[in-house]
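For reference, model_38.pdb (PDB, C-alpha atoms):
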```
ATOM      1  CA  MET A 111     128.214  88.984  86.610  1.00  0.00           C
ATOM      2  CA  LYS A 112     126.243  91.795  84.978  1.00  0.00           C
ATOM      3  CA  LYS A 113     128.564  91.726  81.978  1.00  0.00           C
ATOM      4  CA  TYR A 114     127.935  87.978  81.534  1.00  0.00           C
ATOM      5  CA  LYS A 115     124.187  88.625  81.566  1.00  0.00           C
ATOM      6  CA  GLU A 116     124.516  91.306  78.892  1.00  0.00           C
ATOM      7  CA  ILE A 117     126.616  89.021  76.712  1.00  0.00           C
ATOM      8  CA  ALA A 118     124.218  86.096  77.216  1.00  0.00           C
ATOM      9  CA  ASP A 119     121.286  88.362  76.336  1.00  0.00           C
ATOM     10  CA  GLU A 120     122.997  89.302  73.075  1.00  0.00           C
ATOM     11  CA  TRP A 121     123.665  85.659  72.119  1.00  0.00           C
ATOM     12  CA  ARG A 122     120.053  84.749  72.937  1.00  0.00           C
ATOM     13  CA  LYS A 123     118.876  87.652  70.774  1.00  0.00           C
ATOM     14  CA  GLN A 124     120.981  86.337  67.893  1.00  0.00           C
ATOM     15  CA  ILE A 125     119.429  82.881  68.358  1.00  0.00           C
ATOM     16  CA  ARG A 126     115.916  84.375  68.302  1.00  0.00           C
ATOM     17  CA  ILE A 127     116.767  86.133  65.031  1.00  0.00           C
ATOM     18  CA  ASN A 128     118.325  82.994  63.545  1.00  0.00           C
ATOM     19  CA  PRO A 129     117.800  79.731  65.467  1.00  0.00           C
ATOM     20  CA  GLU A 130     120.393  78.057  63.232  1.00  0.00           C
ATOM     21  CA  ASN A 131     123.177  80.475  64.228  1.00  0.00           C
ATOM     22  CA  ILE A 132     125.912  77.995  65.102  1.00  0.00           C
ATOM     23  CA  GLY A 133     128.252  80.584  66.560  1.00  0.00           C
ATOM     24  CA  ALA A 134     125.608  82.013  68.862  1.00  0.00           C
ATOM     25  CA  HIS A 135     124.722  78.579  70.278  1.00  0.00           C
ATOM     26  CA  TYR A 136     128.381  77.658  70.636  1.00  0.00           C
ATOM     27  CA  ASN A 137     129.410  80.924  72.294  1.00  0.00           C
ATOM     28  CA  LEU A 138     126.388  80.948  74.591  1.00  0.00           C
ATOM     29  CA  GLY A 139     127.277  77.399  75.622  1.00  0.00           C
ATOM     30  CA  LEU A 140     130.843  78.435  76.416  1.00  0.00           C
ATOM     31  CA  LEU A 141     129.580  81.415  78.385  1.00  0.00           C
ATOM     32  CA  TYR A 142     127.243  79.203  80.407  1.00  0.00           C
ATOM     33  CA  LYS A 143     130.143  76.806  81.045  1.00  0.00           C
ATOM     34  CA  GLU A 144     132.249  79.715  82.282  1.00  0.00           C
ATOM     35  CA  ILE A 145     129.606  80.789  84.803  1.00  0.00           C
ATOM     36  CA  GLU A 146     128.873  77.169  85.751  1.00  0.00           C
ATOM     37  CA  LYS A 147     125.336  76.944  84.379  1.00  0.00           C
ATOM     38  CA  ILE A 148     126.025  73.380  83.335  1.00  0.00           C
ATOM     39  CA  GLU A 149     122.592  72.283  82.079  1.00  0.00           C
ATOM     40  CA  GLU A 150     122.255  75.412  79.955  1.00  0.00           C
ATOM     41  CA  ALA A 151     125.796  74.910  78.657  1.00  0.00           C
ATOM     42  CA  LYS A 152     125.012  71.315  77.650  1.00  0.00           C
ATOM     43  CA  LYS A 153     121.867  72.392  75.820  1.00  0.00           C
ATOM     44  CA  GLU A 154     123.659  75.051  73.775  1.00  0.00           C
ATOM     45  CA  ILE A 155     126.758  72.974  73.026  1.00  0.00           C
ATOM     46  CA  LEU A 156     124.557  70.048  71.941  1.00  0.00           C
ATOM     47  CA  LYS A 157     122.654  72.356  69.584  1.00  0.00           C
ATOM     48  CA  ALA A 158     125.902  73.750  68.196  1.00  0.00           C
ATOM     49  CA  ARG A 159     127.206  70.192  67.759  1.00  0.00           C
ATOM     50  CA  GLU A 160     124.063  69.223  65.846  1.00  0.00           C
ATOM     51  CA  LEU A 161     124.418  72.242  63.546  1.00  0.00           C
ATOM     52  CA  PHE A 162     128.153  71.654  63.016  1.00  0.00           C
ATOM     53  CA  GLU A 163     127.364  68.045  62.109  1.00  0.00           C
ATOM     54  CA  GLN A 164     124.699  69.143  59.615  1.00  0.00           C
ATOM     55  CA  GLU A 165     127.270  71.432  58.003  1.00  0.00           C
ATOM     56  CA  GLY A 166     129.918  68.686  57.932  1.00  0.00           C
ATOM     57  CA  ILE A 167     132.315  70.597  60.184  1.00  0.00           C
ATOM     58  CA  THR A 168     133.751  67.510  61.844  1.00  0.00           C
ATOM     59  CA  ASP A 169     136.584  69.183  63.760  1.00  0.00           C
ATOM     60  CA  LYS A 170     134.063  71.362  65.601  1.00  0.00           C
ATOM     61  CA  VAL A 171     131.841  68.320  66.257  1.00  0.00           C
ATOM     62  CA  LYS A 172     134.802  66.641  67.967  1.00  0.00           C
ATOM     63  CA  PHE A 173     135.575  69.798  69.920  1.00  0.00           C
ATOM     64  CA  CYS A 174     131.952  69.973  71.125  1.00  0.00           C
ATOM     65  CA  ASP A 175     132.206  66.329  72.182  1.00  0.00           C
ATOM     66  CA  GLU A 176     135.274  67.169  74.277  1.00  0.00           C
ATOM     67  CA  ILE A 177     133.513  70.100  75.923  1.00  0.00           C
ATOM     68  CA  LEU A 178     130.482  67.944  76.717  1.00  0.00           C
ATOM     69  CA  LYS A 179     132.685  65.258  78.290  1.00  0.00           C
ATOM     70  CA  ASN A 180     134.120  67.853  80.645  1.00  0.00           C
ATOM     71  CA  LEU A 181     130.839  69.348  81.797  1.00  0.00           C
TER      72      LEU A 181
END
```
Rewrite the structure from the file as structure tokens, please.
Amino acid sequence: MKKYKEIADEWRKQIRINPENIGAHYNLGLLYKEIEKIEEAKKEILKARELFEQEGITDKVKFCDEILKNL
């Protein structure tokens, strides 16, 4: 579990540096999903989805939708 915390801390640091970092939100969401922090996972995946949509990356928007359905 300690390793997950270290990884999550790094993704959160990246988000503090750049709140629009799609990859950091997405990966943090997947990490939270993995360790069953469902509400946190939803928050991060929703943010990633919003940013993917703004960038017009529709395949990733759909993938985020699938992840959210399964949370």
Checklist entry - Using only C-alpha atoms, which residues sit within 10 Å of Asp175 in chain A once same-chain residues fewer than 4 positions away are excluded, as a PyMOL selection string? => result chain A and resi 155-156+159+169-171+179-180
Next on the checklist: Evaluated on this file, the PyMOL selection byres ((chain A and resi 130-144) around 8) picks out some residues - which ones are they, written as number ranges by chain?
Outcome noted: A: 114, 118, 121-122, 124-125, 128-129, 145-148, 150-155, 157-158, 161-162, 181
Checklist entry - Distance CA of Cys174 in chain A-CA of Glu160 in chain A, one decimal place? => result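 Taking CA of Cys174 in chain A and CA of Glu160 in chain A, their separation equals 9.5 Å.
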Put a box with edges along x, y and z around all the listed atoms of range 131-148 of chain A, pad it by 6 Å on each side, then give me its centre and sizes in Å, one decimal, as lines of an AutoDock Vina configuration file.
```
center_x = 127.7
center_y = 77.7
center_z = 75.0
size_x = 21.1
size_y = 20.6
size_z = 33.5
```
Checklist entry - What is the distance, in Å and to one decimal place, between CA of Gln164 in chain A and CA of Leu178 in chain A? => result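 Spanning CA of Gln164 in chain A to CA of Leu178 in chain A is a straight-line distance of 18.1 Å.
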Checklist entry - When you draw a straight line from CA of Glu149 in chain A to CA of Lys113 in chain A, how long is it in Å? => result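 Interatomic distance here is 20.3 Å.
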